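Have a look at work-v9.txt below; it lists compact mmCIF, C-alpha atoms.
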```txt
# COMPACT_ATOMS: atom_id res chain seq x y z
CA PRO V 721 1.74 11.09 -15.69
CA GLY V 722 2.91 9.37 -12.53
CA ALA V 723 6.48 8.99 -11.36
CA GLY V 724 6.48 5.32 -12.35
CA ASP V 725 6.01 6.08 -16.05
CA LEU V 726 8.54 4.75 -18.49
CA MET V 727 8.33 7.88 -20.61
CA GLY V 728 6.76 11.29 -20.27
CA PRO V 729 4.60 13.00 -22.90
CA GLN V 730 6.30 13.67 -26.21
CA ALA V 731 8.12 17.00 -26.15
CA ALA V 732 7.24 19.89 -28.40
CA GLY V 733 8.38 19.41 -31.96
CA GLY V 734 8.14 15.62 -31.76
CA SER V 735 11.40 15.01 -29.89
CA VAL V 736 11.68 11.89 -27.76
CA PRO V 737 11.83 12.50 -23.99
CA ALA V 738 14.53 11.10 -21.77
CA LEU V 739 13.84 7.55 -20.60
CA PRO V 740 14.80 6.30 -17.13
CA ALA V 741 16.80 3.10 -17.38
CA ARG V 742 14.78 0.78 -15.16
CA VAL V 743 14.49 -2.37 -17.23
CA GLU V 744 16.87 -4.15 -14.88
CA GLU V 745 14.23 -4.04 -12.10
CA GLY V 746 11.72 -6.84 -11.52
CA GLY V 747 11.53 -10.46 -12.59
CA GLY V 748 11.22 -12.17 -15.94
CA THR V 749 13.38 -12.01 -19.02
CA LEU V 750 14.72 -8.77 -20.47
CA VAL V 751 12.11 -8.97 -23.21
CA GLU V 752 9.31 -9.41 -20.68
CA ARG V 753 10.54 -6.53 -18.54
CA LEU V 754 10.97 -4.14 -21.45
CA HIS V 755 7.55 -5.16 -22.78
CA ALA V 756 6.02 -4.46 -19.36
CA HIS V 757 7.63 -1.01 -19.12
CA VAL V 758 6.41 0.10 -22.53
CA LEU V 759 2.98 -1.44 -21.90
CA GLU V 760 2.62 0.44 -18.61
CA SER V 761 3.50 3.71 -20.31
CA ILE V 762 0.83 3.11 -22.98
CA LEU V 763 -1.82 2.03 -20.47
CA ASN V 764 -1.33 4.99 -18.18
CA GLY V 765 -1.55 7.47 -21.05
CA ALA V 766 2.04 8.74 -21.03
CA PHE V 767 2.01 8.02 -24.75
CA ALA V 768 -1.32 8.94 -26.35
CA PRO V 769 -2.72 7.22 -29.44
CA GLY V 770 -0.68 8.18 -32.49
CA THR V 771 2.41 9.15 -30.50
CA ARG V 772 5.75 7.99 -31.93
CA LEU V 773 7.80 5.67 -29.75
CA PRO V 774 11.59 5.91 -29.51
CA THR V 775 13.48 3.97 -32.17
CA GLU V 776 14.84 0.49 -31.57
CA ALA V 777 18.34 1.92 -31.37
CA GLU V 778 17.34 4.57 -28.82
CA LEU V 779 15.57 2.04 -26.62
CA ALA V 780 18.49 -0.40 -26.86
CA VAL V 781 21.04 2.23 -25.80
CA ARG V 782 18.92 3.66 -23.02
CA PHE V 783 18.07 0.31 -21.44
CA GLY V 784 21.39 -1.39 -22.12
CA VAL V 785 19.85 -4.26 -24.07
CA SER V 786 20.33 -5.57 -27.56
CA ARG V 787 18.27 -4.36 -30.48
CA ALA V 788 17.03 -7.94 -30.82
CA THR V 789 15.54 -7.68 -27.31
CA VAL V 790 13.87 -4.39 -28.18
CA ARG V 791 12.61 -5.79 -31.46
CA GLU V 792 10.98 -8.78 -29.75
CA ALA V 793 9.36 -6.61 -27.05
CA LEU V 794 7.93 -4.28 -29.68
CA SER V 795 6.81 -7.25 -31.75
CA ARG V 796 4.74 -8.48 -28.81
CA LEU V 797 3.14 -5.06 -28.41
CA ARG V 798 2.41 -5.00 -32.13
CA SER V 799 0.78 -8.44 -32.04
CA GLU V 800 -1.37 -7.24 -29.12
CA GLY V 801 -2.60 -4.36 -31.24
CA LEU V 802 -1.04 -1.72 -28.99
CA ILE V 803 1.44 -0.27 -31.46
CA GLU V 804 1.66 -0.06 -35.23
CA THR V 805 4.51 0.50 -37.66
CA ARG V 806 4.29 3.39 -40.11
CA ARG V 807 6.56 3.33 -43.11
CA GLY V 808 9.34 5.85 -42.69
CA SER V 809 8.35 7.00 -39.19
CA GLY V 810 8.78 3.99 -36.91
CA SER V 811 6.43 2.63 -34.25
CA HIS V 812 3.41 4.56 -32.99
CA VAL V 813 0.80 3.86 -30.33
CA ALA V 814 -2.24 2.40 -32.07
CA ALA V 815 -5.38 4.52 -32.37
CA MET V 816 -7.40 2.15 -30.16
CA SER V 817 -5.32 2.36 -26.99
CA PRO V 818 -6.30 0.81 -23.63
CA ALA V 819 -5.18 4.12 -22.12
CA GLN V 820 -8.45 5.68 -23.30
CA PRO V 821 -11.33 3.38 -22.36
CA GLN V 822 -14.60 4.22 -24.06
CA ALA V 823 -16.86 6.04 -21.60
CA ALA V 824 -19.88 4.50 -23.31
CA LEU V 825 -18.72 1.03 -22.28
CA LEU V 826 -18.54 1.92 -18.59
CA PRO V 827 -21.48 1.05 -16.30
CA THR V 828 -23.80 3.95 -15.58
CA VAL V 829 -24.49 5.09 -12.02
CA ALA V 830 -28.10 6.24 -12.25
CA SER V 831 -29.78 5.06 -9.05
CA LEU V 832 -29.20 4.45 -5.35
CA ALA V 833 -28.64 0.75 -6.08
CA ASP V 834 -25.98 1.69 -8.64
CA VAL V 835 -24.28 3.91 -6.06
CA GLU V 836 -24.13 0.97 -3.64
CA ARG V 837 -22.58 -1.26 -6.31
CA TYR V 838 -20.15 1.46 -7.34
CA TYR V 839 -18.82 1.95 -3.82
CA ALA V 840 -18.67 -1.81 -3.22
CA PHE V 841 -16.39 -2.04 -6.26
CA ARG V 842 -14.33 0.93 -5.10
CA ASP V 843 -13.88 -0.67 -1.68
CA CYS V 844 -12.39 -3.81 -3.19
CA MET V 845 -10.36 -2.27 -5.99
CA GLU V 846 -8.97 0.79 -4.23
CA ALA V 847 -8.18 -0.99 -0.98
CA GLY V 848 -6.19 -3.51 -3.00
CA ALA V 849 -4.47 -0.73 -4.91
CA ALA V 850 -3.51 1.07 -1.70
CA ALA V 851 -2.02 -2.11 -0.25
CA ALA V 852 -0.12 -2.83 -3.47
CA ALA V 853 1.13 0.76 -3.60
CA ALA V 854 2.49 0.41 -0.06
CA GLU V 855 4.38 -2.71 -1.10
CA HIS V 856 5.74 -1.52 -4.43
CA ARG V 857 6.04 2.26 -4.24
CA ASN V 858 9.37 4.03 -4.65
CA ALA V 859 10.53 7.46 -3.53
CA GLU V 860 9.27 9.10 -6.73
CA ASP V 861 5.81 7.63 -6.18
CA VAL V 862 5.66 9.04 -2.65
CA LEU V 863 6.69 12.46 -3.95
CA ALA V 864 3.93 12.32 -6.58
CA LEU V 865 1.41 11.41 -3.87
CA ARG V 866 2.54 14.27 -1.64
CA LEU V 867 2.31 16.79 -4.49
CA ALA V 868 -1.18 15.53 -5.38
CA PHE V 869 -2.23 15.77 -1.75
CA ASP V 870 -0.89 19.32 -1.47
CA ASP V 871 -2.90 20.39 -4.52
CA LEU V 872 -6.02 18.68 -3.16
CA GLN V 873 -5.59 20.39 0.20
CA ALA V 874 -5.09 23.82 -1.40
CA CYS V 875 -8.29 23.48 -3.44
CA LEU V 876 -10.44 22.19 -0.60
CA GLN V 877 -9.24 24.77 1.88
CA ALA V 878 -9.86 27.53 -0.65
CA GLY V 879 -13.41 26.30 -1.20
CA ARG V 880 -12.79 25.40 -4.83
CA PRO V 881 -14.06 22.24 -6.59
CA ALA V 882 -11.38 19.58 -6.24
CA ALA V 883 -12.66 16.64 -8.29
CA ASP V 884 -9.66 16.72 -10.63
CA GLU V 885 -7.16 16.98 -7.76
CA ASP V 886 -8.88 14.12 -5.94
CA ALA V 887 -8.75 11.99 -9.09
CA ARG V 888 -5.05 12.81 -9.46
CA PHE V 889 -4.35 11.64 -5.91
CA HIS V 890 -6.11 8.32 -6.48
CA ALA V 891 -4.40 7.92 -9.86
CA ALA V 892 -1.03 8.42 -8.14
CA ILE V 893 -1.88 5.51 -5.85
CA ALA V 894 -2.61 3.32 -8.86
CA HIS V 895 0.67 4.35 -10.49
CA ALA V 896 2.54 3.48 -7.29
CA THR V 897 1.39 -0.14 -7.62
CA HIS V 898 3.41 -0.43 -10.86
CA ASN V 899 0.59 -2.70 -12.02
CA PRO V 900 -1.01 -1.68 -15.35
CA PHE V 901 -4.31 -3.36 -14.44
CA PHE V 902 -4.79 -1.09 -11.42
CA ILE V 903 -3.73 1.90 -13.51
CA THR V 904 -6.23 1.18 -16.26
CA ALA V 905 -9.08 0.43 -13.84
CA MET V 906 -8.48 3.71 -12.02
CA GLN V 907 -8.70 5.72 -15.24
CA GLY V 908 -12.35 4.87 -15.69
CA LEU V 909 -13.35 4.81 -12.04
CA VAL V 910 -14.33 8.45 -11.68
CA VAL V 911 -16.52 8.64 -14.80
CA PRO V 912 -19.69 6.84 -13.58
CA ILE V 913 -20.00 8.74 -10.30
CA ARG V 914 -19.46 12.09 -12.01
CA GLN V 915 -22.27 11.19 -14.41
CA TYR V 916 -24.51 10.48 -11.43
CA MET V 917 -23.58 13.71 -9.66
CA ASP V 918 -24.22 15.77 -12.79
CA ARG V 919 -27.51 14.03 -13.51
CA PHE V 920 -28.94 14.62 -10.05
CA ASN V 921 -27.29 18.00 -9.45
CA VAL V 922 -25.42 16.77 -6.41
CA ALA V 923 -23.98 19.65 -4.38
CA ARG V 924 -20.20 19.43 -4.49
CA ASP V 925 -19.30 22.89 -3.20
CA GLN V 926 -19.89 24.78 0.03
CA ALA V 927 -18.62 21.89 2.14
CA SER V 928 -18.33 22.65 5.84
CA PRO V 929 -14.84 23.12 7.31
CA ALA V 930 -15.34 19.97 9.37
CA ARG V 931 -16.19 17.92 6.27
CA VAL V 932 -13.22 19.34 4.38
CA GLN V 933 -10.90 18.49 7.25
CA ALA V 934 -12.29 14.98 7.52
CA ALA V 935 -11.67 14.35 3.82
CA LEU V 936 -8.13 15.68 4.09
CA ASP V 937 -7.43 13.55 7.17
CA GLU V 938 -8.59 10.46 5.28
CA HIS V 939 -6.31 11.18 2.33
CA ARG V 940 -3.39 11.92 4.62
CA ALA V 941 -3.87 8.61 6.44
CA ILE V 942 -3.71 6.76 3.12
CA LEU V 943 -0.62 8.69 2.06
CA ASP V 944 1.17 8.11 5.37
CA ALA V 945 0.49 4.37 5.31
CA ILE V 946 1.77 4.03 1.75
CA ALA V 947 4.87 6.09 2.59
CA GLN V 948 5.52 3.82 5.58
CA ARG V 949 5.05 0.68 3.45
CA ALA V 950 2.24 -0.38 5.79
CA ALA V 951 0.05 -2.36 3.39
CA SER V 952 -2.71 -3.43 5.79
CA GLN V 953 -3.00 0.09 7.23
CA ALA V 954 -3.13 1.56 3.74
CA ALA V 955 -5.96 -0.80 2.76
CA GLN V 956 -7.90 -0.02 5.94
CA ALA V 957 -7.41 3.73 5.51
CA MET V 958 -8.70 3.48 1.95
CA ARG V 959 -11.72 1.43 3.01
CA GLN V 960 -12.56 4.04 5.63
CA HIS V 961 -12.21 6.80 3.06
CA VAL V 962 -14.45 5.03 0.53
CA PHE V 963 -17.09 4.39 3.21
CA ASN V 964 -17.03 8.01 4.32
CA ALA V 965 -17.12 9.28 0.73
CA ARG V 966 -20.23 7.17 0.16
CA GLN V 967 -21.86 8.66 3.26
CA ARG V 968 -21.00 12.19 2.18
CA LEU V 969 -22.52 11.56 -1.23
CA PHE V 970 -25.72 10.22 0.31
CA GLU V 971 -25.94 13.25 2.56
CA ALA V 972 -25.39 15.58 -0.38
CA THR V 973 -28.23 13.94 -2.32
CA ARG V 974 -30.42 13.82 0.81
CA LEU V 975 -30.75 10.05 0.47
CA VAL V 976 -29.97 9.43 4.14
```

Since I need it in another form, could you write the structure as structure tokens?
Amino acid sequence: PGAGDLMGPQAAGGSVPALPARVEEGGGTLVERLHAHVLESILNGAFAPGTRLPTEAELAVRFGVSRATVREALSRLRSEGLIETRRGSGSHVAAMSPAQPQAALLPTVASLADVERYYAFRDCMEAGAAAAAAEHRNAEDVLALRLAFDDLQACLQAGRPAADEDARFHAAIAHATHNPFFITAMQGLVVPIRQYMDRFNVARDQASPARVQAALDEHRAILDAIAQRAASQAAQAMRQHVFNARQRLFEATRLV
């Protein structure tokens, strides 16, 4: 999970992890802010379906709010179908969580026309996410981006497949927006193009050193712009990366 998560994965043995007290940040009422923090943690998968949430008392103490505030925030989540109450064991993330979109409901990338539409969507969505990340990121977000970039670089330079590391880098950008809609959209973004690549046996390995370096330079430009809080530069760097990624895919499939 990204550095902007409210809570990390549940520790072994079912213990509740430490929670950063950040409810005082942002606008809106205390209830709205606490609701948003818990919602973000559910959407980005920090708490998987079935996971137990901290108790009302634990949340109240950690965030310095009243139990009535916690109760109302959790009530909203419950009415939205995101959490459920189990007798004797508190609140749990509901089985049908937005953090795990159904792959079957995602559009399929099965043709050249689909590839064009896919990258048109990526251009809009990811450029916006990069700009928002530059505006809203904190130091922890930048650290998460740098670590993801380092892992991506190590894989590419070693000639290993780096699809997971690349996805992690782009997910870190979404997390840095602190906007659950970007986070959720990013979770399903990689699925359609992987389906296409698998279906048509697209070559993903044996990339030339020049191509590897170009991809790394593009990711570094995005990272640097976000770190510098340069929103327009971040958006432009992302657009350039998406365009180049599209070209590389076409070359790999011998479509151009």

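What separates CA of Val962 (chain V) from CA of Glu860 (chain V) is a distance of 25.1 Å.
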
Pairwise distance for CA of Asp944 (chain V) and CA of Arg966 (chain V), rounded to one decimal in Å: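 Separating CA of Asp944 (chain V) from CA of Arg966 (chain V) is a distance of 22.0 Å.
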
From V:Ala951, V:Leu867, V:Val932, V:Met906, residue lying nearest Pro881 (chain V) [all atoms listed in the file]: V:Val932

One-decimal distance in Å that lies between CA of Ala850 (chain V) and CA of Ile946 (chain V):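 CA of Ala850 (chain V) lies 7.0 Å from CA of Ile946 (chain V).
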
Minimum-distance residue to Arg931 (chain V), chosen among V:Asn964, V:Thr897, V:Ser786, V:Ser809 (using only C-alpha atoms):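 Using only C-alpha atoms, Arg931 (chain V) sits closest to V:Asn964.
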
Proximity of region 784-866 of chain V to region 891-895 of chain V: per-residue shortest pair, 9 Å limit, only C-alpha atoms, as a tab-separated table:
```
residue	atom	partner	partner_atom	distance
V:Glu846	CA	V:Ala894	CA	8.3
V:Ala849	CA	V:Ala894	CA	6.0
V:Ala850	CA	V:Ile893	CA	6.3
V:Ala852	CA	V:Ala894	CA	8.5
V:Ala853	CA	V:Ile893	CA	6.1
V:Ala854	CA	V:Ile893	CA	8.9
V:Arg857	CA	V:His895	CA	8.5
V:Asp861	CA	V:Ala892	CA	7.2
V:Val862	CA	V:Ala892	CA	8.7
V:Ala864	CA	V:Ala892	CA	6.5
V:Leu865	CA	V:Ala892	CA	5.8
```

From V:His939, V:Leu797, V:His755, V:His898, residue lying nearest Arg866 (chain V) [all atoms listed in the file]: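 Distance minimum relative to Arg866 (chain V) lands on V:His939.
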
Residue neighbourhood Arg787 (chain V), 12 Å, only C-alpha atoms, exclusion window fewer than 2 positions, as a list in words: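 Counting only C-alpha atoms, the residues come to Leu750, Val751, Leu754, Thr775, Glu776, Ala777, Glu778, Leu779, Ala780, Val781, Arg782, Phe783, Gly784, Val785, Thr789, Val790, Arg791, Glu792, Ala793, Leu794 and Ser795 of chain V.
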
Select region 951-966 of chain V in the preceding structure and write all heavy atoms to a file as an mmCIF file, in the first residue's frame.
```cif
data_model
loop_
_atom_site.group_PDB
_atom_site.id
_atom_site.type_symbol
_atom_site.label_atom_id
_atom_site.label_comp_id
_atom_site.auth_asym_id
_atom_site.auth_seq_id
_atom_site.Cartn_x
_atom_site.Cartn_y
_atom_site.Cartn_z
ATOM 1 N N ALA V 951 3.080 20.744 -11.487
ATOM 2 C CA ALA V 951 1.927 20.007 -11.995
ATOM 3 C C ALA V 951 1.894 19.931 -13.515
ATOM 4 O O ALA V 951 1.655 18.861 -14.089
ATOM 5 C CB ALA V 951 0.638 20.626 -11.472
ATOM 6 N N SER V 952 2.098 21.055 -14.191
ATOM 7 C CA SER V 952 2.017 21.041 -15.654
ATOM 8 C C SER V 952 3.126 20.192 -16.259
ATOM 9 O O SER V 952 2.914 19.461 -17.225
ATOM 10 C CB SER V 952 2.074 22.467 -16.204
ATOM 11 O OG SER V 952 3.295 23.106 -15.843
ATOM 12 N N GLN V 953 4.334 20.264 -15.673
ATOM 13 C CA GLN V 953 5.435 19.442 -16.170
ATOM 14 C C GLN V 953 5.176 17.965 -15.922
ATOM 15 O O GLN V 953 5.512 17.115 -16.752
ATOM 16 C CB GLN V 953 6.755 19.859 -15.514
ATOM 17 C CG GLN V 953 7.273 21.209 -15.972
ATOM 18 C CD GLN V 953 6.807 22.338 -15.063
ATOM 19 O OE1 GLN V 953 5.660 22.324 -14.578
ATOM 20 N NE2 GLN V 953 7.677 23.309 -14.834
ATOM 21 N N ALA V 954 4.568 17.649 -14.781
ATOM 22 C CA ALA V 954 4.252 16.259 -14.479
ATOM 23 C C ALA V 954 3.250 15.701 -15.487
ATOM 24 O O ALA V 954 3.390 14.580 -15.976
ATOM 25 C CB ALA V 954 3.710 16.134 -13.059
ATOM 26 N N ALA V 955 2.219 16.497 -15.797
ATOM 27 C CA ALA V 955 1.217 16.067 -16.775
ATOM 28 C C ALA V 955 1.847 15.858 -18.145
ATOM 29 O O ALA V 955 1.565 14.866 -18.836
ATOM 30 C CB ALA V 955 0.094 17.092 -16.860
ATOM 31 N N GLN V 956 2.715 16.799 -18.565
ATOM 32 C CA GLN V 956 3.351 16.679 -19.868
ATOM 33 C C GLN V 956 4.292 15.475 -19.925
ATOM 34 O O GLN V 956 4.343 14.756 -20.929
ATOM 35 C CB GLN V 956 4.117 17.952 -20.205
ATOM 36 C CG GLN V 956 4.776 17.939 -21.581
ATOM 37 C CD GLN V 956 3.789 17.643 -22.691
ATOM 38 O OE1 GLN V 956 2.660 18.135 -22.686
ATOM 39 N NE2 GLN V 956 4.200 16.827 -23.659
ATOM 40 N N ALA V 957 5.032 15.249 -18.842
ATOM 41 C CA ALA V 957 5.936 14.101 -18.805
ATOM 42 C C ALA V 957 5.152 12.793 -18.885
ATOM 43 O O ALA V 957 5.582 11.843 -19.546
ATOM 44 C CB ALA V 957 6.782 14.137 -17.535
ATOM 45 N N MET V 958 4.005 12.754 -18.231
ATOM 46 C CA MET V 958 3.176 11.554 -18.292
ATOM 47 C C MET V 958 2.607 11.361 -19.694
ATOM 48 O O MET V 958 2.576 10.225 -20.213
ATOM 49 C CB MET V 958 2.039 11.634 -17.273
ATOM 50 C CG MET V 958 1.128 10.410 -17.278
ATOM 51 S SD MET V 958 1.991 8.865 -16.879
ATOM 52 C CE MET V 958 2.073 9.019 -15.092
ATOM 53 N N ARG V 959 2.149 12.445 -20.317
ATOM 54 C CA ARG V 959 1.621 12.316 -21.681
ATOM 55 C C ARG V 959 2.688 11.792 -22.635
ATOM 56 O O ARG V 959 2.405 10.957 -23.499
ATOM 57 C CB ARG V 959 1.091 13.664 -22.176
ATOM 58 C CG ARG V 959 -0.216 14.093 -21.529
ATOM 59 C CD ARG V 959 -0.879 15.231 -22.284
ATOM 60 N NE ARG V 959 -2.164 15.524 -21.711
ATOM 61 C CZ ARG V 959 -2.386 16.485 -20.807
ATOM 62 N NH1 ARG V 959 -1.372 17.232 -20.387
ATOM 63 N NH2 ARG V 959 -3.593 16.684 -20.319
ATOM 64 N N GLN V 960 3.912 12.290 -22.477
ATOM 65 C CA GLN V 960 4.994 11.816 -23.329
ATOM 66 C C GLN V 960 5.267 10.336 -23.087
ATOM 67 O O GLN V 960 5.496 9.570 -24.025
ATOM 68 C CB GLN V 960 6.268 12.630 -23.066
ATOM 69 C CG GLN V 960 7.407 12.332 -24.044
ATOM 70 C CD GLN V 960 7.044 12.708 -25.468
ATOM 71 O OE1 GLN V 960 6.657 13.847 -25.742
ATOM 72 N NE2 GLN V 960 7.167 11.768 -26.389
ATOM 73 N N HIS V 961 5.229 9.938 -21.831
ATOM 74 C CA HIS V 961 5.459 8.534 -21.498
ATOM 75 C C HIS V 961 4.376 7.638 -22.084
ATOM 76 O O HIS V 961 4.665 6.576 -22.659
ATOM 77 C CB HIS V 961 5.513 8.359 -19.987
ATOM 78 C CG HIS V 961 5.498 6.931 -19.542
ATOM 79 N ND1 HIS V 961 6.447 6.016 -19.941
ATOM 80 C CD2 HIS V 961 4.621 6.245 -18.745
ATOM 81 C CE1 HIS V 961 6.179 4.829 -19.408
ATOM 82 N NE2 HIS V 961 5.075 4.944 -18.688
ATOM 83 N N VAL V 962 3.115 8.042 -21.958
ATOM 84 C CA VAL V 962 2.011 7.246 -22.482
ATOM 85 C C VAL V 962 2.120 7.130 -24.005
ATOM 86 O O VAL V 962 1.927 6.054 -24.578
ATOM 87 C CB VAL V 962 0.656 7.852 -22.070
ATOM 88 C CG1 VAL V 962 -0.498 7.169 -22.807
ATOM 89 C CG2 VAL V 962 0.465 7.723 -20.561
ATOM 90 N N PHE V 963 2.449 8.235 -24.666
ATOM 91 C CA PHE V 963 2.614 8.210 -26.122
ATOM 92 C C PHE V 963 3.733 7.253 -26.522
ATOM 93 O O PHE V 963 3.572 6.425 -27.439
ATOM 94 C CB PHE V 963 2.920 9.615 -26.635
ATOM 95 C CG PHE V 963 3.213 9.663 -28.114
ATOM 96 C CD1 PHE V 963 2.184 9.700 -29.042
ATOM 97 C CD2 PHE V 963 4.525 9.662 -28.584
ATOM 98 C CE1 PHE V 963 2.451 9.722 -30.409
ATOM 99 C CE2 PHE V 963 4.807 9.690 -29.938
ATOM 100 C CZ PHE V 963 3.764 9.724 -30.858
ATOM 101 N N ASN V 964 4.856 7.345 -25.835
ATOM 102 C CA ASN V 964 5.988 6.482 -26.165
ATOM 103 C C ASN V 964 5.692 5.017 -25.859
ATOM 104 O O ASN V 964 6.122 4.119 -26.589
ATOM 105 C CB ASN V 964 7.234 6.936 -25.415
ATOM 106 C CG ASN V 964 7.761 8.269 -25.912
ATOM 107 O OD1 ASN V 964 7.397 8.717 -27.005
ATOM 108 N ND2 ASN V 964 8.604 8.915 -25.124
ATOM 109 N N ALA V 965 4.961 4.773 -24.753
ATOM 110 C CA ALA V 965 4.601 3.396 -24.417
ATOM 111 C C ALA V 965 3.717 2.803 -25.504
ATOM 112 O O ALA V 965 3.858 1.625 -25.868
ATOM 113 C CB ALA V 965 3.887 3.364 -23.064
ATOM 114 N N ARG V 966 2.799 3.610 -26.011
ATOM 115 C CA ARG V 966 1.941 3.164 -27.125
ATOM 116 C C ARG V 966 2.790 2.818 -28.332
ATOM 117 O O ARG V 966 2.586 1.768 -28.971
ATOM 118 C CB ARG V 966 0.955 4.275 -27.453
ATOM 119 C CG ARG V 966 0.170 4.095 -28.742
ATOM 120 C CD ARG V 966 -0.664 5.338 -29.020
ATOM 121 N NE ARG V 966 -1.275 5.306 -30.328
ATOM 122 C CZ ARG V 966 -0.663 5.655 -31.453
ATOM 123 N NH1 ARG V 966 0.614 6.049 -31.418
ATOM 124 N NH2 ARG V 966 -1.293 5.611 -32.611
#
```
